[in-house]
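Source file: upload.csv. Holds: CSV, C-alpha atoms and all ligand atoms.
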chain,number,residue,atom,x,y,z
V,1,MET,CA,77.4,122.7,32.1
V,2,LYS,CA,77.6,123.4,35.9
V,3,LYS,CA,81.3,123.6,35.6
V,4,LYS,CA,81.0,125.9,32.7
V,5,LEU,CA,78.8,128.3,34.7
V,6,LEU,CA,81.2,128.2,37.7
V,7,SER,CA,84.1,128.9,35.5
V,8,MET,CA,82.3,131.8,33.8
V,9,LEU,CA,81.4,133.3,37.2
V,10,LEU,CA,85.0,133.1,38.3
V,11,ALA,CA,86.2,134.7,35.1
V,12,VAL,CA,83.7,137.6,35.3
V,13,ALA,CA,84.5,138.1,39.0
V,14,MET,CA,88.2,138.3,38.2
V,15,VAL,CA,87.6,140.8,35.4
V,16,ALA,CA,85.5,142.9,37.7
V,17,THR,CA,88.3,142.8,40.3
V,18,MET,CA,90.7,144.0,37.7
V,19,LEU,CA,88.4,146.8,36.7
V,20,THR,CA,88.3,148.1,40.3
V,21,GLY,CA,92.1,148.2,40.4
V,22,CYS,CA,95.0,146.1,41.5
V,23,GLY,CA,98.7,146.4,41.7
V,24,ASP,CA,101.2,146.2,38.8
V,25,THR,CA,102.3,142.8,37.9
V,26,THR,CA,105.6,141.5,36.7
V,27,THR,CA,106.0,140.1,33.2
V,28,THR,CA,106.5,136.4,32.8
V,29,THR,CA,107.1,136.0,29.1
V,30,ASP,CA,109.7,137.6,26.9
V,31,ASP,CA,109.9,135.2,24.0
V,32,THR,CA,109.1,136.5,20.6
V,33,THR,CA,108.1,133.3,19.0
V,34,ALA,CA,105.6,130.6,19.9
V,35,ASP,CA,107.5,128.5,22.4
V,36,ASP,CA,106.0,129.7,25.6
V,37,THR,CA,102.4,129.0,26.8
V,38,THR,CA,102.2,131.4,29.6
V,39,ALA,CA,99.3,129.9,31.5
V,40,ASP,CA,99.5,126.3,30.6
V,41,ASP,CA,99.1,125.3,34.2
V,42,VAL,CA,95.6,126.8,34.2
V,43,THR,CA,93.9,124.2,32.0
V,44,ALA,CA,91.5,122.8,34.6
V,45,ASP,CA,88.4,124.3,33.1
V,46,ASP,CA,89.2,124.0,29.4
V,47,ASP,CA,86.2,121.9,28.7
V,48,ALA,CA,84.1,124.1,30.8
V,49,THR,CA,85.0,127.5,29.2
V,50,ALA,CA,85.1,126.5,25.6
V,51,ASP,CA,82.1,126.4,23.4
V,52,ASP,CA,80.3,123.1,23.5
V,53,ASP,CA,80.6,122.9,19.7
V,54,GLY,CA,84.3,122.5,19.7
V,55,GLY,CA,86.4,125.0,21.7
V,56,ALA,CA,89.9,124.4,23.0
V,57,ALA,CA,90.7,120.9,24.0
V,58,SER,CA,92.7,120.3,27.1
V,59,GLY,CA,96.3,121.5,26.7
V,60,GLU,CA,95.4,123.9,23.8
V,61,VAL,CA,95.5,127.6,24.0
V,62,GLN,CA,92.1,129.3,24.2
V,63,VAL,CA,93.0,133.0,23.9
V,64,GLY,CA,96.0,134.1,21.8
V,65,ILE,CA,97.4,137.6,22.2
V,66,VAL,CA,99.8,139.2,19.7
V,67,LEU,CA,101.5,142.5,20.7
V,68,PRO,CA,103.7,144.7,18.6
V,69,THR,CA,107.0,144.8,20.4
V,70,LYS,CA,108.5,144.0,23.8
V,71,ASP,CA,111.0,146.9,23.2
V,72,GLU,CA,108.5,149.5,24.4
V,73,PRO,CA,107.4,149.4,28.1
V,74,ARG,CA,103.9,150.2,27.0
V,75,TRP,CA,103.3,146.7,25.6
V,76,LEU,CA,105.0,145.0,28.5
V,77,GLN,CA,102.4,146.7,30.7
V,78,ASP,CA,99.7,145.2,28.6
V,79,GLN,CA,101.3,141.8,28.6
V,80,ALA,CA,101.5,141.7,32.4
V,81,GLN,CA,97.8,142.6,32.7
V,82,PHE,CA,96.7,140.0,30.2
V,83,GLU,CA,98.7,137.2,31.9
V,84,ALA,CA,97.4,138.1,35.3
V,85,ILE,CA,93.7,138.4,34.3
V,86,LEU,CA,93.6,135.5,31.9
V,87,GLY,CA,95.6,133.2,34.2
V,88,ASP,CA,93.4,134.1,37.2
V,89,ALA,CA,90.3,133.6,35.1
V,90,GLY,CA,91.4,130.1,34.2
V,91,PHE,CA,92.0,130.6,30.5
V,92,THR,CA,94.9,129.1,28.7
V,93,ASN,CA,96.6,131.9,26.9
V,94,GLN,CA,99.8,132.7,25.1
V,95,VAL,CA,101.3,136.2,24.4
V,96,LEU,CA,103.5,136.6,21.4
V,97,PHE,CA,105.4,139.7,20.2
V,98,SER,CA,105.8,140.7,16.6
V,99,GLN,CA,109.0,142.8,17.2
V,100,GLY,CA,108.2,145.4,14.6
V,101,SER,CA,107.6,142.8,11.8
V,102,SER,CA,104.3,142.1,10.0
V,103,ALA,CA,105.8,138.8,8.8
V,104,THR,CA,106.5,137.7,12.4
V,105,GLU,CA,103.0,138.9,13.3
V,106,LYS,CA,101.5,136.6,10.7
V,107,THR,CA,103.6,133.7,11.8
V,108,ASN,CA,102.6,134.3,15.4
V,109,VAL,CA,98.9,134.3,14.4
V,110,GLU,CA,99.3,131.1,12.4
V,111,THR,CA,101.1,129.5,15.4
V,112,LEU,CA,98.2,130.5,17.7
V,113,ILE,CA,95.7,129.2,15.2
V,114,SER,CA,97.5,125.8,15.1
V,115,GLN,CA,97.3,125.8,18.9
V,116,GLY,CA,93.5,125.9,18.7
V,117,ILE,CA,92.7,129.4,19.9
V,118,ASP,CA,89.0,130.5,20.0
V,119,VAL,CA,89.8,134.2,20.4
V,120,LEU,CA,92.6,136.3,19.0
V,121,ILE,CA,93.4,139.6,20.7
V,122,ILE,CA,95.8,141.4,18.4
V,123,CYS,CA,97.5,144.8,18.5
V,124,ALA,CA,98.7,145.2,15.0
V,125,GLN,CA,102.2,146.2,14.1
V,126,ASP,CA,100.9,147.7,10.8
V,127,GLY,CA,97.2,148.2,10.7
V,128,SER,CA,96.7,147.4,7.0
V,129,ALA,CA,99.3,144.7,6.7
V,130,ALA,CA,97.7,142.8,9.6
V,131,ALA,CA,94.6,142.2,7.5
V,132,ALA,CA,96.0,139.1,6.0
V,133,ALA,CA,96.8,137.6,9.4
V,134,VAL,CA,93.4,138.2,10.8
V,135,GLU,CA,91.7,136.9,7.7
V,136,ALA,CA,93.6,133.6,8.3
V,137,ALA,CA,92.3,133.6,11.8
V,138,LYS,CA,88.7,134.2,10.7
V,139,ASP,CA,89.0,131.5,8.1
V,140,ALA,CA,90.0,129.1,11.0
V,141,GLY,CA,86.8,130.1,12.9
V,142,VAL,CA,88.6,132.4,15.4
V,143,THR,CA,87.0,135.5,16.8
V,144,VAL,CA,89.2,138.5,16.2
V,145,ILE,CA,89.5,141.4,18.7
V,146,ALA,CA,91.7,144.3,17.5
V,147,TYR,CA,93.4,145.6,20.6
V,148,ASP,CA,94.4,149.3,20.9
V,149,ARG,CA,95.2,149.7,17.2
V,150,LEU,CA,92.5,149.2,14.6
V,151,ILE,CA,93.2,146.8,11.7
V,152,THR,CA,92.0,148.4,8.5
V,153,GLY,CA,90.7,147.4,5.1
V,154,THR,CA,89.3,144.0,6.1
V,155,GLU,CA,86.0,142.6,7.4
V,156,ALA,CA,87.9,140.1,9.5
V,157,VAL,CA,87.8,142.2,12.6
V,158,ASP,CA,85.0,141.3,15.0
V,159,TYR,CA,85.5,143.8,17.8
V,160,TYR,CA,87.8,146.6,18.7
V,161,VAL,CA,88.9,147.5,22.3
V,162,THR,CA,90.5,150.8,22.5
V,163,PHE,CA,91.3,153.9,24.5
V,164,ASP,CA,89.7,157.2,23.3
V,165,SER,CA,92.6,158.0,21.1
V,166,PHE,CA,91.1,161.3,19.7
V,167,SER,CA,90.9,162.5,23.4
V,168,VAL,CA,94.6,161.6,23.8
V,169,GLY,CA,95.5,164.0,21.0
V,170,VAL,CA,93.1,166.7,22.3
V,171,ALA,CA,94.6,166.4,25.8
V,172,GLN,CA,98.2,166.8,24.4
V,173,GLY,CA,97.2,169.8,22.3
V,174,GLN,CA,95.2,171.4,25.0
V,175,TYR,CA,98.0,171.0,27.5
V,176,LEU,CA,100.3,173.0,25.2
V,177,ILE,CA,97.7,175.7,24.8
V,178,ASP,CA,97.1,176.0,28.5
V,179,ASN,CA,100.8,176.1,29.3
V,180,ALA,CA,102.0,178.2,26.5
V,181,PRO,CA,104.2,181.3,27.1
V,182,GLU,CA,102.5,184.7,26.7
V,183,GLY,CA,102.5,186.3,23.4
V,184,THR,CA,102.3,185.3,19.7
V,185,GLY,CA,104.6,183.6,17.2
V,186,ILE,CA,105.4,180.9,19.7
V,187,PRO,CA,107.4,178.1,18.0
V,188,LEU,CA,105.5,174.8,17.9
V,189,TYR,CA,107.3,171.5,17.0
V,190,LEU,CA,105.0,168.8,15.9
V,191,TYR,CA,105.8,165.1,16.1
V,192,ALA,CA,103.7,162.1,15.3
V,193,GLY,CA,103.6,158.3,15.5
V,194,ALA,CA,104.1,155.7,12.8
V,195,ALA,CA,102.2,156.2,9.6
V,196,THR,CA,101.4,152.4,9.7
V,197,ASP,CA,99.5,152.9,12.9
V,198,ASN,CA,95.9,154.1,12.5
V,199,ASN,CA,96.2,155.6,16.0
V,200,ALA,CA,98.9,158.0,14.9
V,201,PHE,CA,96.3,159.6,12.6
V,202,ILE,CA,93.6,159.8,15.4
V,203,PHE,CA,96.1,161.2,17.9
V,204,PHE,CA,97.2,163.9,15.4
V,205,GLU,CA,93.6,164.6,14.4
V,206,GLY,CA,92.7,165.2,18.1
V,207,ALA,CA,95.7,167.5,18.7
V,208,TRP,CA,95.0,169.4,15.5
V,209,SER,CA,91.4,170.0,16.5
V,210,VAL,CA,92.6,172.2,19.3
V,211,LEU,CA,96.0,173.5,18.0
V,212,GLN,CA,94.8,174.5,14.5
V,213,PRO,CA,93.0,177.8,15.6
V,214,LYS,CA,96.1,178.8,17.5
V,215,ILE,CA,98.3,178.2,14.4
V,216,ALA,CA,95.8,179.9,12.1
V,217,ASP,CA,95.7,183.1,14.2
V,218,GLY,CA,99.5,183.2,14.6
V,219,THR,CA,99.7,182.5,18.3
V,220,PHE,CA,101.8,179.4,17.4
V,221,VAL,CA,104.1,179.0,14.4
V,222,VAL,CA,104.9,175.4,13.3
V,223,ALA,CA,108.6,175.2,13.3
V,224,ASN,CA,109.2,171.8,11.6
V,225,SER,CA,106.4,171.0,9.1
V,226,SER,CA,105.8,173.1,5.9
V,227,GLU,CA,102.8,170.8,5.3
V,228,ALA,CA,101.2,171.8,8.6
V,229,GLU,CA,101.9,175.5,8.1
V,230,GLY,CA,100.4,175.2,4.6
V,231,LEU,CA,97.3,173.6,6.0
V,232,LYS,CA,96.9,175.9,9.0
V,233,ASP,CA,93.6,177.4,7.8
V,234,LYS,CA,91.9,174.0,7.6
V,235,ALA,CA,90.1,173.0,10.8
V,236,GLU,CA,89.5,169.5,9.6
V,237,LEU,CA,92.1,167.6,7.7
V,238,SER,CA,91.5,164.6,5.4
V,239,ARG,CA,93.4,161.4,6.1
V,240,GLU,CA,95.6,162.2,3.1
V,241,GLU,CA,96.5,165.7,4.5
V,242,ILE,CA,97.3,164.3,7.9
V,243,GLY,CA,99.4,161.7,6.1
V,244,LYS,CA,101.4,164.5,4.5
V,245,ILE,CA,102.1,166.1,7.8
V,246,ILE,CA,102.9,162.8,9.5
V,247,GLY,CA,105.2,162.1,6.5
V,248,GLN,CA,107.3,165.1,7.6
V,249,VAL,CA,107.2,164.6,11.4
V,250,THR,CA,106.8,160.9,12.0
V,251,THR,CA,108.9,159.3,14.8
V,252,ASP,CA,107.9,155.8,13.6
V,253,TRP,CA,107.3,155.3,17.3
V,254,ASP,CA,111.1,154.9,17.5
V,255,PHE,CA,113.2,156.7,20.1
V,256,ASN,CA,116.2,157.0,17.7
V,257,VAL,CA,114.2,158.4,14.9
V,258,ALA,CA,112.6,160.9,17.3
V,259,LYS,CA,116.1,161.9,18.5
V,260,SER,CA,117.6,162.4,15.1
V,261,LYS,CA,114.5,164.2,13.8
V,262,ALA,CA,114.6,166.6,16.8
V,263,GLU,CA,118.3,167.2,16.3
V,264,ALA,CA,117.8,167.9,12.6
V,265,HIS,CA,114.9,170.2,13.2
V,266,LEU,CA,116.8,172.3,15.8
V,267,THR,CA,119.8,172.5,13.5
V,268,ALA,CA,117.6,173.6,10.6
V,269,VAL,CA,115.7,176.5,12.3
V,270,GLY,CA,116.9,180.0,13.1
V,271,ALA,CA,117.0,181.8,16.4
V,272,ASP,CA,113.4,183.0,16.0
V,273,MET,CA,112.2,179.4,16.3
V,274,LYS,CA,114.0,178.8,19.6
V,275,GLY,CA,113.6,180.5,23.0
V,276,ASP,CA,110.4,179.3,24.8
V,277,VAL,CA,108.9,176.6,22.7
V,278,LEU,CA,106.2,174.0,22.6
V,279,VAL,CA,106.6,170.3,21.5
V,280,LEU,CA,103.8,167.9,20.6
V,281,GLY,CA,105.5,164.7,21.7
V,282,PRO,CA,103.3,161.7,20.5
V,283,ASN,CA,104.2,159.2,23.2
V,284,ASP,CA,106.4,158.8,26.2
V,285,GLY,CA,109.4,157.0,24.6
V,286,THR,CA,109.7,159.5,21.8
V,287,ALA,CA,108.9,162.4,24.2
V,288,ARG,CA,111.9,161.5,26.4
V,289,SER,CA,114.2,161.4,23.4
V,290,ILE,CA,112.9,164.7,22.0
V,291,ALA,CA,113.1,166.3,25.5
V,292,ASP,CA,116.7,165.2,25.9
V,293,VAL,CA,117.6,166.9,22.6
V,294,PHE,CA,115.7,170.1,23.4
V,295,ALA,CA,117.2,170.2,26.9
V,296,THR,CA,120.7,170.4,25.5
V,297,ASP,CA,120.1,173.2,23.0
V,298,LYS,CA,121.4,176.3,24.6
V,299,ASP,CA,119.1,178.6,22.6
V,300,VAL,CA,116.0,176.8,23.8
V,301,THR,CA,115.3,178.6,27.0
V,302,SER,CA,112.2,176.5,28.0
V,303,PHE,CA,110.1,173.9,26.4
V,304,LYS,CA,106.9,172.0,27.2
V,305,VAL,CA,106.6,168.5,25.8
V,306,THR,CA,103.7,166.1,25.9
V,307,GLY,CA,103.6,162.3,25.9
V,308,GLN,CA,101.3,159.3,26.6
V,309,ASP,CA,101.3,155.9,28.2
V,310,ALA,CA,102.5,156.8,31.7
V,311,GLU,CA,105.6,154.7,31.2
V,312,LYS,CA,107.7,154.4,34.4
V,313,ALA,CA,110.6,156.3,32.9
V,314,SER,CA,108.3,159.1,31.8
V,315,VAL,CA,106.6,159.3,35.1
V,316,GLN,CA,110.0,159.9,36.6
V,317,TYR,CA,110.6,162.5,33.9
V,318,VAL,CA,107.3,164.2,34.8
V,319,ILE,CA,108.2,164.2,38.5
V,320,ASP,CA,111.6,165.7,37.7
V,321,GLY,CA,110.1,168.3,35.4
V,322,LYS,CA,111.9,166.9,32.3
V,323,GLN,CA,108.6,165.9,30.5
V,324,SER,CA,105.6,168.2,31.0
V,325,MET,CA,102.7,165.6,30.9
V,326,THR,CA,101.8,162.2,30.0
V,327,VAL,CA,98.4,160.6,29.3
V,328,PHE,CA,97.6,157.7,31.5
V,329,LYS,CA,96.0,154.9,29.6
V,330,ASP,CA,95.1,152.3,32.2
V,331,THR,CA,96.1,149.0,30.6
V,332,ARG,CA,94.3,147.2,33.4
V,333,THR,CA,91.0,148.4,32.0
V,334,LEU,CA,91.8,147.7,28.4
V,335,ALA,CA,93.1,144.2,29.1
V,336,ALA,CA,90.1,143.5,31.4
V,337,ASP,CA,87.7,144.8,28.7
V,338,SER,CA,89.3,142.4,26.1
V,339,VAL,CA,89.1,139.5,28.5
V,340,ALA,CA,85.5,140.3,29.3
V,341,MET,CA,84.9,140.2,25.6
V,342,ALA,CA,86.7,136.9,25.3
V,343,VAL,CA,84.6,135.5,28.1
V,344,SER,CA,81.4,136.5,26.3
V,345,ILE,CA,82.6,135.0,23.1
V,346,LEU,CA,83.7,131.8,24.6
V,347,ASN,CA,80.3,131.5,26.2
V,348,GLY,CA,78.6,132.1,22.9
V,349,ASP,CA,77.3,135.5,23.9
V,350,THR,CA,77.6,138.9,22.1
V,351,PRO,CA,80.1,141.1,23.9
V,352,ALA,CA,79.0,144.5,25.2
V,353,THR,CA,80.2,147.4,23.0
V,354,ASP,CA,79.6,151.2,23.2
V,355,THR,CA,80.6,152.6,19.9
V,356,THR,CA,81.8,151.7,16.4
V,357,TYR,CA,85.0,152.5,14.5
V,358,ASN,CA,85.0,152.4,10.7
V,359,ASN,CA,88.0,150.5,9.4
V,360,GLU,CA,87.5,151.2,5.7
V,361,ALA,CA,85.7,147.9,5.3
V,362,LYS,CA,83.0,147.9,8.0
V,363,ASP,CA,81.9,149.6,11.2
V,364,VAL,CA,83.6,147.6,13.9
V,365,PRO,CA,81.7,147.3,17.2
V,366,ALA,CA,84.0,148.8,19.8
V,367,LYS,CA,84.5,149.3,23.5
V,368,GLN,CA,86.2,152.5,24.4
V,369,THR,CA,88.0,153.6,27.5
V,370,ASN,CA,88.7,157.1,28.9
V,371,ILE,CA,92.1,158.5,29.5
V,372,VAL,CA,93.6,160.6,32.3
V,373,VAL,CA,96.0,163.5,31.9
V,374,VAL,CA,98.9,163.3,34.3
V,375,THR,CA,101.2,166.2,35.3
V,376,GLN,CA,103.4,166.9,38.4
V,377,ASP,CA,100.2,168.0,40.2
V,378,ASN,CA,98.3,164.8,40.1
V,379,VAL,CA,100.9,162.1,39.4
V,380,LYS,CA,100.5,160.7,42.9
V,381,GLU,CA,96.8,160.6,42.8
V,382,ALA,CA,96.5,159.2,39.3
V,383,LEU,CA,99.2,156.6,39.3
V,384,ILE,CA,100.2,155.7,42.9
V,385,ASP,CA,96.9,156.0,44.7
V,386,SER,CA,95.2,154.0,41.9
V,387,GLU,CA,97.9,151.4,42.6
V,388,TYR,CA,99.1,151.3,39.0
V,389,TYR,CA,102.6,151.9,40.3
V,390,ASP,CA,104.2,151.8,43.7
V,391,ALA,CA,105.7,155.0,45.2
V,392,SER,CA,108.9,153.1,45.8
V,393,GLU,CA,109.5,152.9,42.1
V,394,PHE,CA,110.1,156.7,41.9
V,395,THR,CA,112.3,159.3,43.5
V,396,GLY,CA,111.2,162.8,44.5
V,397,LEU,CA,107.6,162.1,44.8
V,398,GLU,CA,107.1,163.8,48.2
X,401,LIG,C1,99.5,153.2,21.2
X,401,LIG,C2,100.4,154.0,22.1
X,401,LIG,C3,101.8,153.7,21.9
X,401,LIG,C4,102.2,153.7,20.4
X,401,LIG,C5,103.6,153.2,20.2
X,401,LIG,C6,100.0,153.4,19.8
X,401,LIG,O1,99.2,152.6,18.9
X,401,LIG,O2,98.2,153.6,21.3
X,401,LIG,O3,100.0,153.8,23.4
X,401,LIG,O4,102.7,154.5,22.6
X,401,LIG,O5,101.3,152.9,19.7
X,401,LIG,O6,103.7,151.9,20.5
Output the file's structure as structure tokens, nothing else.
Ligand code: BGC
Amino acid sequence: MKKKLLSMLLAVAMVATMLTGCGDTTTTTDDTTADDTTADDVTADDDATADDDGGAASGEVQVGIVLPTKDEPRWLQDQAQFEAILGDAGFTNQVLFSQGSSATEKTNVETLISQGIDVLIICAQDGSAAAAAVEAAKDAGVTVIAYDRLITGTEAVDYYVTFDSFSVGVAQGQYLIDNAPEGTGIPLYLYAGAATDNNAFIFFEGAWSVLQPKIADGTFVVANSSEAEGLKDKAELSREEIGKIIGQVTTDWDFNVAKSKAEAHLTAVGADMKGDVLVLGPNDGTARSIADVFATDKDVTSFKVTGQDAEKASVQYVIDGKQSMTVFKDTRTLAADSVAMAVSILNGDTPATDTTYNNEAKDVPAKQTNIVVVTQDNVKEALIDSEYYDASEFTGLE
């Protein structure tokens, strides 16, 4: 018991350290399937950190993490934070990637269950398809924490750790409003995330909450979504209505889809929808693709494009003036919050939460983290001074 307490104190201290900021870490795992226990050298306190009534035995994995894909820098950032925090805290852990497949995701969860995990931290590939995977985990007595993306339509989600995704959308929309050219009838191109990701709806809802009045009064004209134009007088959209718009402007969170949609949209519109334009870019990867397309259209004289995630490549784009803004979601905090939850759970306590999110089956207790808008003006302060990145990783910062 003494050992357990010591281990707990160490774990909490490590989480607290992470919360006050530390440098970026390198990734140590890039395998998709379950053949790589990332912190299996940190097993010393297995017996101490697991519940007395049957937690992980020595050599087993205590905390399993499933992330959607290693093809987007966003999730490698999260992986690095998890491995650093959990490893330092003395928890055995394993990070697996679903690589865009719900089937792989389910196999990953089953693999982790078979390795004896007590806590599953999962960012779903597809929020509704993941229900089956987490139900299997619950059946095996595992506590399930939905990470960043909510898993919908099931009671098998114990907790949700997330950024304030509505605010992300608001920040993107507000940026476009604050930086719009003078006049009315300004072309607005809307893009969204994947329809399988609950967040895509929340981001869009946030953006719509500020953009809609400007579309309704004719300041902006939606260039690429007849559904959005048709709904312009509605301040609040139903999920189904948002789904219709997303159906037209989804990027699927895929750079190539974003690129080809942007090309098709610019080919389809007349000269009146070019000139100085605004683009709601849903995240950094897709924003860079879309920005590259808009930058090569000679009839687009200027464009503002939003993003999110503060991916390194987009931070460079922001510095270079090729992407207008990004939203910094500090993965150190999100990972640390999840680990703090895991610590509570492993210790038999109830984790601290500050809100709830309804997942269509229940109100899931949630811990929510704020976001920071990053533009050329504050890039150094937000990302370098906070030690998220090192200045040497970029050019033209001074
Ligand atoms: C995340 C974003 C990410 C997107 C694509 C969303 O659920 O919140 O940060 O850019 O998925 O992976």
7 Å from ligand LIG 401 (chain X) is the threshold here; counting all atoms listed in the file, which polymer residues fall inside it? Answer as a list in words.
Glu72, Arg74, Asp148, Arg149, Gly193, Asp197, Asn199, Ala200, Trp253, Asn283, Asp284, Gln308 and Asp309 of chain V
Pull the neighbourhood of (102.1, 145.7, 12.8) for me: all residues within 9 Å in file coordinates, counting only C-alpha atoms, as a list in words.
Leu67, Pro68, Ser98, Gln99, Gly100, Ser101, Ser102, Ala103, Glu105, Cys123, Ala124, Gln125, Asp126, Gly127, Ser128, Ala129, Ala130, Thr196 and Asp197 of chain V
What is the CA of Ala133 in chain V to CA of Glu110 in chain V distance in Å?
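According to the coordinates, CA of Ala133 in chain V and CA of Glu110 in chain V are separated by 7.6 Å.
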Rank V:Ile242, V:Val168, V:Leu278, V:Leu383 by their smallest atom-to-atom distance to Gly185 in chain V, using only C-alpha atoms, and report the top residue only.
V:Leu278
Quick one: residues within 8 Å of Val63 in chain V, all atoms listed in the file, excluding same-chain residues fewer than 4 positions away - as a ChimeraX atom specification?
/V:91-94,117-121,342
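You can rank V:Thr162, V:Gln81, V:Gln62, V:Thr267 by their closest distance to Ser114 in chain V using all atoms listed in the file, and at the top of that list sits V:Gln62.
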Around all of range 133-152 of chain V's listed atoms, make the axis-aligned box with 8 Å on each side and tell me centre and edge lengths in Å to one decimal, as lines of an AutoDock Vina configuration file.
center_x = 91.8
center_y = 139.4
center_z = 14.3
size_x = 26.0
size_y = 36.6
size_z = 29.2
Show me the residues around (105.6, 185.2, 8.6) - criterion: an atom at most 12 Å away, all atoms listed in the file counted - as a ChimeraX atom specification.
/V:184-187,215-223,229-230,272-273
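Near Ser302 in chain V, within 12 Å and counting only C-alpha atoms, sit Asn179, Ala180, Pro181, Ile186, Pro187, Lys274, Gly275, Asp276, Val277, Leu278, Val279, Ala291, Phe294, Ala295, Thr296, Asp297, Lys298, Asp299, Val305, Gly321, Lys322, Gln323 and Ser324 of chain V, not including residues fewer than 3 positions from it in the same chain.
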Using all atoms listed in the file: which of V:Asp330, V:Glu60, V:Asp78, V:Asp385 has the shortest distance to Phe163 in chain V
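Of V:Asp330, V:Glu60, V:Asp78, V:Asp385, the one nearest Phe163 in chain V, counting all atoms listed in the file, is V:Asp330.
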For Ile145 in chain V: contacts at 7 Å, all atoms listed in the file, fewer than 6 positions along chain excluded, given as a PyMOL selection string
chain V and resi 120-122+157-160
Exercise: Ser167 in chain V partners within 9 Å, all atoms listed in the file, chain neighbours under 6 positions left out, as JSON, numbers by chain:
{"V": [202, 203, 206, 207, 370, 371]}
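Separating CA of Leu334 in chain V from CA of Asp71 in chain V is a distance of 19.9 Å.
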